file target31.txt (compact mmCIF, C-alpha atoms)
# COMPACT_ATOMS: atom_id res chain seq x y z
CA MET A 1 92.92 107.05 -80.31
CA ASN A 2 93.73 106.01 -83.85
CA LEU A 3 94.45 102.58 -85.28
CA PHE A 4 98.17 102.56 -84.44
CA ALA A 5 97.56 103.44 -80.80
CA ALA A 6 94.84 100.79 -80.53
CA ILE A 7 97.17 98.12 -81.94
CA PHE A 8 99.94 99.27 -79.59
CA TYR A 9 97.79 98.96 -76.49
CA VAL A 10 96.36 95.58 -77.57
CA LEU A 11 99.86 94.22 -78.21
CA GLY A 12 101.10 95.64 -74.91
CA ALA A 13 98.25 93.95 -73.05
CA ILE A 14 98.99 90.64 -74.78
CA ILE A 15 102.70 90.91 -73.90
CA VAL A 16 102.04 91.70 -70.24
CA ILE A 17 99.36 89.02 -69.81
CA ALA A 18 101.34 86.30 -71.60
CA THR A 19 104.49 87.15 -69.65
CA GLY A 20 102.56 87.12 -66.39
CA MET A 21 101.13 83.70 -67.22
CA ALA A 22 104.61 82.46 -68.17
CA VAL A 23 106.02 83.62 -64.84
CA THR A 24 103.34 82.00 -62.70
CA ARG A 25 102.66 78.68 -64.47
CA ARG A 26 103.48 75.62 -62.44
CA ARG A 27 104.36 73.44 -65.43
CA THR A 28 107.54 74.55 -67.14
CA MET A 29 106.27 73.49 -70.56
CA HIS A 30 103.20 75.75 -70.25
CA ALA A 31 105.41 78.62 -69.08
CA VAL A 32 107.65 78.30 -72.13
CA VAL A 33 104.69 78.21 -74.52
CA TYR A 34 103.27 81.37 -72.90
CA ALA A 35 106.69 82.98 -73.30
CA VAL A 36 106.55 82.11 -77.02
CA VAL A 37 103.20 83.93 -77.24
CA SER A 38 104.79 86.93 -75.49
CA PHE A 39 107.72 86.95 -77.91
CA PHE A 40 105.41 86.75 -80.94
CA ALA A 41 103.49 89.77 -79.65
CA THR A 42 106.82 91.53 -79.09
CA ALA A 43 107.73 90.82 -82.71
CA ALA A 44 104.48 92.43 -83.85
CA LEU A 45 105.24 95.40 -81.56
CA PHE A 46 108.68 95.79 -83.15
CA GLY A 47 107.01 95.83 -86.57
CA LEU A 48 104.57 98.49 -85.34
CA LEU A 49 107.40 100.61 -83.93
CA GLY A 50 109.17 100.66 -87.27
CA ALA A 51 111.68 97.81 -87.02
CA PRO A 52 110.63 95.11 -89.52
CA LEU A 53 114.09 93.50 -89.55
CA LEU A 54 114.03 93.11 -85.78
CA ALA A 55 110.48 91.76 -85.92
CA VAL A 56 111.66 88.96 -88.20
CA PHE A 57 114.73 88.31 -86.03
CA GLU A 58 112.56 88.24 -82.92
CA VAL A 59 110.48 85.44 -84.44
CA ILE A 60 113.48 83.55 -85.79
CA ILE A 61 115.85 83.86 -82.82
CA TYR A 62 113.71 84.35 -79.71
CA ALA A 63 110.44 82.59 -80.51
CA GLY A 64 112.13 80.12 -82.83
CA ALA A 65 115.61 79.14 -81.76
CA ILE A 66 115.80 80.00 -78.07
CA MET A 67 112.35 78.78 -77.06
CA VAL A 68 112.68 75.55 -79.06
CA LEU A 69 115.99 75.00 -77.26
CA PHE A 70 114.09 75.47 -73.97
CA LEU A 71 111.54 72.85 -75.05
CA PHE A 72 114.28 70.35 -75.96
CA ILE A 73 115.97 70.83 -72.60
CA ILE A 74 112.68 70.39 -70.75
CA MET A 75 112.24 67.09 -72.56
CA LEU A 76 115.74 66.04 -71.45
CA ILE A 77 115.10 66.67 -67.74
CA PRO A 78 112.71 64.29 -65.94
CA ARG A 79 109.32 65.89 -65.41
CA THR A 80 108.92 65.07 -61.75
CA ARG A 81 111.98 67.08 -60.86
CA LEU A 82 110.79 70.16 -62.75
CA GLU A 83 107.37 70.54 -61.21
CA ARG A 84 107.85 70.21 -57.51
CA ASP A 85 106.13 73.41 -56.53
CA VAL A 86 105.76 77.05 -57.38
CA GLY A 87 106.11 77.86 -53.70
CA GLY A 88 103.94 79.65 -51.19
CA GLY A 89 102.87 83.24 -51.36
CA LEU A 90 105.73 84.31 -49.13
CA ARG A 91 108.36 83.67 -51.78
CA TRP A 92 106.47 85.85 -54.27
CA LEU A 93 105.76 88.58 -51.71
CA LEU A 94 109.15 90.26 -51.45
CA PRO A 95 109.93 90.32 -55.21
CA GLY A 96 106.38 91.54 -55.85
CA ILE A 97 106.65 94.41 -53.35
CA LEU A 98 110.10 95.40 -54.64
CA SER A 99 108.84 95.33 -58.23
CA LEU A 100 105.80 97.46 -57.40
CA VAL A 101 108.01 100.05 -55.69
CA ILE A 102 110.40 100.10 -58.66
CA LEU A 103 107.47 100.40 -61.09
CA ALA A 104 106.01 103.31 -59.12
CA CYS A 105 109.38 105.09 -59.08
CA VAL A 106 109.93 104.55 -62.82
CA THR A 107 106.42 105.73 -63.64
CA VAL A 108 106.81 108.91 -61.61
CA LEU A 109 110.25 109.57 -63.10
CA THR A 110 109.03 108.97 -66.65
CA VAL A 111 105.93 111.11 -66.39
CA THR A 112 107.61 114.03 -64.64
CA ALA A 113 110.78 113.98 -66.75
CA HIS A 114 111.69 116.91 -68.95
CA GLY A 115 110.28 116.39 -72.44
CA SER A 116 107.85 113.67 -71.42
CA GLY A 117 104.66 113.12 -73.35
CA GLN A 118 106.57 113.07 -76.62
CA GLN A 119 104.36 111.40 -79.22
CA LEU A 120 105.80 108.70 -81.43
CA HIS A 121 105.38 109.27 -85.14
CA PRO A 122 105.11 106.27 -87.42
CA ALA A 123 108.30 105.56 -89.31
CA MET A 124 109.89 102.53 -90.89
CA ALA A 125 113.59 101.73 -90.91
CA SER A 126 114.28 99.70 -94.03
CA PRO A 127 116.31 96.53 -93.41
CA SER A 128 118.97 97.65 -95.89
CA ASP A 129 119.55 100.84 -93.92
CA VAL A 130 119.88 98.87 -90.69
CA GLY A 131 122.29 96.43 -92.33
CA ARG A 132 124.38 99.23 -93.80
CA ALA A 133 124.61 101.03 -90.46
CA LEU A 134 125.44 97.72 -88.76
CA TYR A 135 128.31 96.80 -91.07
CA VAL A 136 129.69 100.29 -91.66
CA ARG A 137 129.52 101.99 -88.28
CA TYR A 138 129.29 98.99 -85.95
CA TRP A 139 131.44 96.37 -87.68
CA LEU A 140 133.61 95.98 -84.57
CA VAL A 141 130.53 95.10 -82.50
CA VAL A 142 129.62 92.42 -85.06
CA GLU A 143 133.09 90.93 -84.63
CA PHE A 144 132.73 90.95 -80.83
CA VAL A 145 129.32 89.25 -81.00
CA SER A 146 130.67 86.61 -83.38
CA PHE A 147 133.54 86.00 -80.95
CA LEU A 148 131.03 85.73 -78.09
CA LEU A 149 128.92 83.23 -80.04
CA PHE A 150 132.05 81.22 -80.80
CA MET A 151 132.91 81.15 -77.11
CA GLY A 152 129.35 80.02 -76.40
CA LEU A 153 129.73 77.21 -78.94
CA ALA A 154 133.06 76.14 -77.48
CA GLY A 155 131.68 76.27 -73.94
CA ALA A 156 128.59 74.25 -74.84
CA CYS A 157 130.77 71.65 -76.58
CA PHE A 158 133.04 71.49 -73.54
CA LEU A 159 130.14 71.10 -71.12
CA GLY A 160 128.38 68.59 -73.33
CA ARG A 161 131.28 66.19 -73.86
CA ARG A 162 130.70 62.64 -72.76
CA GLN A 163 131.65 61.34 -69.35
CA ASN A 164 134.05 58.74 -70.83
CA ASP A 165 136.05 61.42 -72.61
CA ALA A 166 136.33 63.34 -69.38
CA LYS A 167 137.70 60.31 -67.59
CA GLU A 168 140.20 59.59 -70.33
CA GLU A 169 141.49 63.13 -70.20
CA ARG A 170 142.62 62.74 -66.63
CA PRO A 171 146.24 61.59 -66.32
CA MET B 1 100.61 107.45 -83.90
CA SER B 2 99.23 108.94 -80.72
CA VAL B 3 101.30 106.77 -78.42
CA PRO B 4 103.49 108.67 -75.99
CA PHE B 5 107.04 107.42 -75.57
CA ASP B 6 106.34 107.12 -71.83
CA MET B 7 103.96 104.23 -72.48
CA VAL B 8 106.68 102.28 -74.27
CA LEU B 9 109.04 102.80 -71.35
CA ILE B 10 106.39 101.77 -68.82
CA LEU B 11 105.54 98.67 -70.85
CA ALA B 12 109.23 97.73 -71.00
CA THR B 13 109.52 98.29 -67.23
CA VAL B 14 106.51 96.07 -66.48
CA VAL B 15 107.84 93.24 -68.66
CA PHE B 16 111.33 93.63 -67.17
CA LEU B 17 109.97 93.45 -63.62
CA LEU B 18 107.90 90.37 -64.48
CA GLY B 19 111.09 88.72 -65.72
CA ALA B 20 112.92 89.79 -62.57
CA ILE B 21 110.15 88.33 -60.41
CA CYS B 22 110.43 85.10 -62.40
CA ALA B 23 114.19 84.96 -61.82
CA MET B 24 113.83 85.78 -58.12
CA ALA B 25 110.83 83.72 -57.06
CA ARG B 26 111.09 80.57 -59.15
CA ARG B 27 113.53 77.92 -58.07
CA THR B 28 113.87 75.77 -61.18
CA LEU B 29 117.03 76.51 -63.15
CA ILE B 30 115.12 76.61 -66.43
CA MET B 31 112.59 79.14 -65.10
CA ILE B 32 115.42 81.36 -63.84
CA LEU B 33 116.93 81.34 -67.33
CA LEU B 34 113.49 82.10 -68.81
CA GLY B 35 113.24 85.10 -66.50
CA VAL B 36 116.59 86.37 -67.78
CA GLU B 37 115.36 85.98 -71.36
CA ILE B 38 112.21 87.97 -70.55
CA MET B 39 114.33 90.74 -69.04
CA LEU B 40 116.54 90.93 -72.15
CA ASN B 41 113.40 91.06 -74.30
CA ALA B 42 112.05 93.97 -72.24
CA ALA B 43 115.32 95.83 -72.78
CA GLY B 44 114.80 95.28 -76.51
CA ILE B 45 111.33 96.86 -76.35
CA ALA B 46 112.80 99.96 -74.69
CA PHE B 47 115.60 100.13 -77.29
CA VAL B 48 113.21 99.92 -80.26
CA GLY B 49 110.92 102.57 -78.74
CA ALA B 50 113.87 104.89 -78.16
CA SER B 51 115.06 104.24 -81.70
CA LEU B 52 111.72 105.47 -83.01
CA ARG B 53 111.63 108.37 -80.54
CA TRP B 54 114.97 109.83 -81.67
CA MET B 55 114.78 108.53 -85.27
CA ALA B 56 118.18 106.85 -84.91
CA LEU B 57 119.16 103.35 -85.99
CA ASP B 58 121.55 102.75 -83.10
CA GLY B 59 118.84 101.36 -80.85
CA GLN B 60 117.79 98.74 -83.39
CA ILE B 61 121.42 97.71 -83.91
CA PHE B 62 121.87 97.28 -80.18
CA VAL B 63 118.83 95.01 -80.07
CA LEU B 64 120.62 92.79 -82.58
CA VAL B 65 123.64 92.72 -80.25
CA VAL B 66 121.39 91.83 -77.32
CA MET B 67 119.91 88.96 -79.34
CA GLY B 68 123.42 87.61 -79.97
CA VAL B 69 124.26 87.87 -76.28
CA ALA B 70 120.99 86.14 -75.36
CA ALA B 71 121.70 83.28 -77.75
CA ALA B 72 125.20 82.73 -76.35
CA GLU B 73 123.96 83.03 -72.77
CA ILE B 74 121.16 80.54 -73.27
CA ALA B 75 123.45 78.01 -74.97
CA ILE B 76 125.78 77.99 -71.96
CA GLY B 77 122.99 78.28 -69.39
CA LEU B 78 120.94 75.38 -70.72
CA ALA B 79 124.06 73.24 -71.09
CA LEU B 80 124.79 73.92 -67.42
CA ALA B 81 121.17 73.10 -66.49
CA VAL B 82 121.37 69.74 -68.28
CA LEU B 83 124.71 69.05 -66.67
CA ALA B 84 123.33 69.86 -63.21
CA GLY B 85 120.44 67.49 -63.88
CA GLN B 86 122.69 64.67 -65.05
CA ARG B 87 125.58 64.84 -62.62
CA CYS B 88 124.08 66.30 -59.45
CA ARG B 89 120.46 65.20 -59.95
CA ALA B 90 119.53 68.85 -59.43
CA ALA B 91 116.75 70.71 -61.20
CA GLU B 92 116.46 73.52 -58.69
CA ALA B 93 118.98 76.15 -57.71
CA ASP B 94 118.69 75.14 -54.04
CA ASP B 95 119.85 71.60 -54.81
CA LEU B 96 123.28 72.84 -55.84
CA SER B 97 124.47 73.61 -52.33
CA GLY B 98 127.81 71.82 -52.42
CA LEU B 99 129.69 75.03 -51.67
CA LYS B 100 127.35 75.86 -48.75
CA GLY B 101 126.39 79.11 -50.46

call {"tool": "encode", "arguments": {"input": "target31.txt", "output": "structure tokens"}}
result
Amino acid sequence: MNLFAAIFYVLGAIIVIATGMAVTRRRTMHAVVYAVVSFFATAALFGLLGAPLLAVFEVIIYAGAIMVLFLFIIMLIPRTRLERDVGGGLRWLLPGILSLVILACVTVLTVTAHGSGQQLHPAMASPSDVGRALYVRYWLVVEFVSFLLFMGLAGACFLGRRQNDAKEERP
Amino acid sequence: MSVPFDMVLILATVVFLLGAICAMARRTLIMILLGVEIMLNAAGIAFVGASLRWMALDGQIFVLVVMGVAAAEIAIGLALAVLAGQRCRAAEADDLSGLKG
């Protein structure tokens, strides 16, 4: 157990615990803040696994943009309607059992698979290499994602237009 | 680094299943969207681990794509959640039962 493995297991424990807290919190605001903790730990894990560019993007996009958007929306919706209840144990029972079965199956499949137990060796993909591969080999994917983001922008603008405009549009 | 690749996959599976539980068991629209985000994040963990396992950059590039998809999805999803709150006074998925679904 060297330093890298120790950091990996600590970060994995933080991710699992913070995500579990985020899933079970009654107050939505607390859940989102726990999710931010989970995403920060994921960013550190990306850095450990040799993806510094993705670690930065994880902080900027996931922990920064998306979670702040969540916080804004929570402030827009009245609090009493958000925190009615987390529900009884029965509603968590079936998803929990299904998830445990799936986890057992995946664990057995992973451990018994051919070539399992492969150790990860530390490596670092430099951001310039990632950018070059992205814009040389995968330029079409970049175009598709930009189109998707544009559609998201158009859809959000359409959904967010004011009520008066909607009434005026009707003939 | 004496971390087997299996551990990365199992970690990604655990986080993915936690997100799935969140999307299945919670009723608030915002918590369902948060569960979807957690699931996409878990997929990213698996991609980055596989990228290191096979020493290929494709996995990291696909995580960038997933981040773009997550951003677009959350923009539309949260706009819909706000709209449901304003027009139908609904904050939970069960409140939107106009189609008797």

call {"tool": "interface_residues", "arguments": {"input": "target31.txt", "of": "chain B", "to": "chain A", "cutoff": "8 Å", "atoms": "only C-alpha atoms", "output": "short mmCIF file (atom, residue, chain, number, x, y, z; two decimals) with C-alpha atoms, keeping the file's coordinate frame"}}
result
data_model
loop_
_atom_site.label_atom_id
_atom_site.label_comp_id
_atom_site.auth_asym_id
_atom_site.auth_seq_id
_atom_site.Cartn_x
_atom_site.Cartn_y
_atom_site.Cartn_z
CA MET B 1 100.61 107.45 -83.90
CA SER B 2 99.23 108.94 -80.72
CA VAL B 3 101.30 106.77 -78.42
CA PRO B 4 103.49 108.67 -75.99
CA PHE B 5 107.04 107.42 -75.57
CA ASP B 6 106.34 107.12 -71.83
CA LEU B 9 109.04 102.80 -71.35
CA ILE B 10 106.39 101.77 -68.82
CA LEU B 11 105.54 98.67 -70.85
CA THR B 13 109.52 98.29 -67.23
CA VAL B 14 106.51 96.07 -66.48
CA VAL B 15 107.84 93.24 -68.66
CA LEU B 17 109.97 93.45 -63.62
CA LEU B 18 107.90 90.37 -64.48
CA GLY B 19 111.09 88.72 -65.72
CA ALA B 20 112.92 89.79 -62.57
CA ILE B 21 110.15 88.33 -60.41
CA CYS B 22 110.43 85.10 -62.40
CA MET B 24 113.83 85.78 -58.12
CA ALA B 25 110.83 83.72 -57.06
CA ARG B 26 111.09 80.57 -59.15
CA ARG B 27 113.53 77.92 -58.07
CA THR B 28 113.87 75.77 -61.18
CA ILE B 30 115.12 76.61 -66.43
CA MET B 31 112.59 79.14 -65.10
CA LEU B 34 113.49 82.10 -68.81
CA GLY B 35 113.24 85.10 -66.50
CA ILE B 38 112.21 87.97 -70.55
CA ASN B 41 113.40 91.06 -74.30
CA ILE B 45 111.33 96.86 -76.35
CA VAL B 48 113.21 99.92 -80.26
CA GLY B 49 110.92 102.57 -78.74
CA LEU B 52 111.72 105.47 -83.01
CA ARG B 53 111.63 108.37 -80.54
CA LEU B 57 119.16 103.35 -85.99
CA GLN B 60 117.79 98.74 -83.39
CA ILE B 61 121.42 97.71 -83.91
CA VAL B 63 118.83 95.01 -80.07
CA LEU B 64 120.62 92.79 -82.58
CA VAL B 65 123.64 92.72 -80.25
CA MET B 67 119.91 88.96 -79.34
CA GLY B 68 123.42 87.61 -79.97
CA VAL B 69 124.26 87.87 -76.28
CA ALA B 71 121.70 83.28 -77.75
CA ALA B 72 125.20 82.73 -76.35
CA GLU B 73 123.96 83.03 -72.77
CA ILE B 74 121.16 80.54 -73.27
CA ALA B 75 123.45 78.01 -74.97
CA ILE B 76 125.78 77.99 -71.96
CA LEU B 78 120.94 75.38 -70.72
CA ALA B 79 124.06 73.24 -71.09
CA LEU B 80 124.79 73.92 -67.42
CA VAL B 82 121.37 69.74 -68.28
CA LEU B 83 124.71 69.05 -66.67
CA GLY B 85 120.44 67.49 -63.88
CA ALA B 90 119.53 68.85 -59.43
CA ALA B 91 116.75 70.71 -61.20
CA GLU B 92 116.46 73.52 -58.69
#

call {"tool": "atom_distance", "arguments": {"input": "target31.txt", "atom1": "CA of Met39 in chain B", "atom2": "CA of Val56 in chain A"}}
result
19.4 Å

call {"tool": "closest_residue", "arguments": {"input": "target31.txt", "among": "B:Arg87, B:Trp54, B:Ser97, B:Ala81", "to": "Leu29 in chain B", "atoms": "only C-alpha atoms"}}
result
B:Ala81

call {"tool": "axis_aligned_box", "arguments": {"input": "target31.txt", "around": "range 151-156 of chain A", "padding_each_side": "6 Å", "output": "JSON"}}
result
{"center_x": 130.8, "center_y": 77.7, "center_z": -76.4, "size_x": 16.5, "size_y": 18.9, "size_z": 17.0}

call {"tool": "closest_residue", "arguments": {"input": "target31.txt", "among": "B:Ala23, B:Ala56, B:Ala93, B:Ala70", "to": "Ala43 in chain B", "atoms": "only C-alpha atoms"}}
result
B:Ala70

call {"tool": "atom_distance", "arguments": {"input": "target31.txt", "atom1": "CA of Ala42 in chain B", "atom2": "CA of Phe16 in chain B"}}
result
5.1 Å

call {"tool": "atom_distance", "arguments": {"input": "target31.txt", "atom1": "CA of Met55 in chain B", "atom2": "CA of Val10 in chain A"}}
result
23.8 Å

call {"tool": "closest_residue", "arguments": {"input": "target31.txt", "among": "A:His30, A:Val37, A:Arg132, A:Thr112", "to": "Val59 in chain A", "atoms": "only C-alpha atoms"}}
result
A:Val37

call {"tool": "decode", "arguments": {"input": "target31.txt", "residues": "range 39-50 of chain B", "atoms": "all heavy atoms", "output": "PDB file, in the first residue's frame"}}
result
ATOM      1  N   MET B  39     -25.121   9.943 -11.596  1.00  0.00           N
ATOM      2  CA  MET B  39     -24.886   8.785 -12.464  1.00  0.00           C
ATOM      3  C   MET B  39     -23.914   9.135 -13.585  1.00  0.00           C
ATOM      4  O   MET B  39     -23.010   8.358 -13.904  1.00  0.00           O
ATOM      5  CB  MET B  39     -26.214   8.298 -13.046  1.00  0.00           C
ATOM      6  CG  MET B  39     -27.074   7.580 -12.040  1.00  0.00           C
ATOM      7  SD  MET B  39     -28.367   6.614 -12.800  1.00  0.00           S
ATOM      8  CE  MET B  39     -29.567   7.824 -13.150  1.00  0.00           C
ATOM      9  N   LEU B  40     -24.090  10.331 -14.191  1.00  0.00           N
ATOM     10  CA  LEU B  40     -23.162  10.735 -15.259  1.00  0.00           C
ATOM     11  C   LEU B  40     -21.745  10.874 -14.711  1.00  0.00           C
ATOM     12  O   LEU B  40     -20.766  10.507 -15.365  1.00  0.00           O
ATOM     13  CB  LEU B  40     -23.624  12.057 -15.868  1.00  0.00           C
ATOM     14  CG  LEU B  40     -24.859  11.983 -16.753  1.00  0.00           C
ATOM     15  CD1 LEU B  40     -25.313  13.380 -17.132  1.00  0.00           C
ATOM     16  CD2 LEU B  40     -24.550  11.213 -18.000  1.00  0.00           C
ATOM     17  N   ASN B  41     -21.630  11.385 -13.482  1.00  0.00           N
ATOM     18  CA  ASN B  41     -20.316  11.540 -12.864  1.00  0.00           C
ATOM     19  C   ASN B  41     -19.653  10.178 -12.642  1.00  0.00           C
ATOM     20  O   ASN B  41     -18.450  10.017 -12.870  1.00  0.00           O
ATOM     21  CB  ASN B  41     -20.499  12.282 -11.542  1.00  0.00           C
ATOM     22  CG  ASN B  41     -19.207  12.753 -10.968  1.00  0.00           C
ATOM     23  OD1 ASN B  41     -18.400  13.306 -11.690  1.00  0.00           O
ATOM     24  ND2 ASN B  41     -19.001  12.518  -9.693  1.00  0.00           N
ATOM     25  N   ALA B  42     -20.453   9.194 -12.237  1.00  0.00           N
ATOM     26  CA  ALA B  42     -19.905   7.847 -12.030  1.00  0.00           C
ATOM     27  C   ALA B  42     -19.395   7.267 -13.340  1.00  0.00           C
ATOM     28  O   ALA B  42     -18.341   6.616 -13.390  1.00  0.00           O
ATOM     29  CB  ALA B  42     -20.978   6.948 -11.431  1.00  0.00           C
ATOM     30  N   ALA B  43     -20.137   7.518 -14.428  1.00  0.00           N
ATOM     31  CA  ALA B  43     -19.665   7.064 -15.735  1.00  0.00           C
ATOM     32  C   ALA B  43     -18.322   7.714 -16.062  1.00  0.00           C
ATOM     33  O   ALA B  43     -17.428   7.073 -16.628  1.00  0.00           O
ATOM     34  CB  ALA B  43     -20.697   7.397 -16.806  1.00  0.00           C
ATOM     35  N   GLY B  44     -18.159   8.981 -15.681  1.00  0.00           N
ATOM     36  CA  GLY B  44     -16.882   9.657 -15.913  1.00  0.00           C
ATOM     37  C   GLY B  44     -15.740   9.005 -15.164  1.00  0.00           C
ATOM     38  O   GLY B  44     -14.632   8.870 -15.701  1.00  0.00           O
ATOM     39  N   ILE B  45     -16.003   8.580 -13.912  1.00  0.00           N
ATOM     40  CA  ILE B  45     -14.951   7.899 -13.138  1.00  0.00           C
ATOM     41  C   ILE B  45     -14.512   6.637 -13.868  1.00  0.00           C
ATOM     42  O   ILE B  45     -13.315   6.364 -14.022  1.00  0.00           O
ATOM     43  CB  ILE B  45     -15.465   7.563 -11.723  1.00  0.00           C
ATOM     44  CG1 ILE B  45     -15.722   8.830 -10.924  1.00  0.00           C
ATOM     45  CG2 ILE B  45     -14.450   6.692 -10.990  1.00  0.00           C
ATOM     46  CD1 ILE B  45     -16.330   8.585  -9.576  1.00  0.00           C
ATOM     47  N   ALA B  46     -15.488   5.856 -14.356  1.00  0.00           N
ATOM     48  CA  ALA B  46     -15.130   4.621 -15.070  1.00  0.00           C
ATOM     49  C   ALA B  46     -14.336   4.929 -16.334  1.00  0.00           C
ATOM     50  O   ALA B  46     -13.360   4.238 -16.650  1.00  0.00           O
ATOM     51  CB  ALA B  46     -16.403   3.842 -15.418  1.00  0.00           C
ATOM     52  N   PHE B  47     -14.719   6.001 -17.056  1.00  0.00           N
ATOM     53  CA  PHE B  47     -14.019   6.353 -18.289  1.00  0.00           C
ATOM     54  C   PHE B  47     -12.569   6.738 -17.996  1.00  0.00           C
ATOM     55  O   PHE B  47     -11.652   6.322 -18.710  1.00  0.00           O
ATOM     56  CB  PHE B  47     -14.729   7.515 -18.977  1.00  0.00           C
ATOM     57  CG  PHE B  47     -15.756   7.088 -19.962  1.00  0.00           C
ATOM     58  CD1 PHE B  47     -17.064   7.488 -19.839  1.00  0.00           C
ATOM     59  CD2 PHE B  47     -15.406   6.285 -21.020  1.00  0.00           C
ATOM     60  CE1 PHE B  47     -18.013   7.099 -20.748  1.00  0.00           C
ATOM     61  CE2 PHE B  47     -16.342   5.884 -21.943  1.00  0.00           C
ATOM     62  CZ  PHE B  47     -17.659   6.291 -21.803  1.00  0.00           C
ATOM     63  N   VAL B  48     -12.352   7.557 -16.961  1.00  0.00           N
ATOM     64  CA  VAL B  48     -10.987   8.004 -16.672  1.00  0.00           C
ATOM     65  C   VAL B  48     -10.126   6.822 -16.221  1.00  0.00           C
ATOM     66  O   VAL B  48      -8.957   6.694 -16.620  1.00  0.00           O
ATOM     67  CB  VAL B  48     -11.006   9.121 -15.609  1.00  0.00           C
ATOM     68  CG1 VAL B  48      -9.601   9.441 -15.154  1.00  0.00           C
ATOM     69  CG2 VAL B  48     -11.632  10.362 -16.180  1.00  0.00           C
ATOM     70  N   GLY B  49     -10.710   5.922 -15.412  1.00  0.00           N
ATOM     71  CA  GLY B  49      -9.955   4.736 -15.007  1.00  0.00           C
ATOM     72  C   GLY B  49      -9.576   3.874 -16.192  1.00  0.00           C
ATOM     73  O   GLY B  49      -8.435   3.411 -16.312  1.00  0.00           O
ATOM     74  N   ALA B  50     -10.526   3.686 -17.123  1.00  0.00           N
ATOM     75  CA  ALA B  50     -10.228   2.884 -18.312  1.00  0.00           C
ATOM     76  C   ALA B  50      -9.193   3.573 -19.187  1.00  0.00           C
ATOM     77  O   ALA B  50      -8.349   2.915 -19.814  1.00  0.00           O
ATOM     78  CB  ALA B  50     -11.506   2.642 -19.103  1.00  0.00           C
TER      79      ALA B  50
END
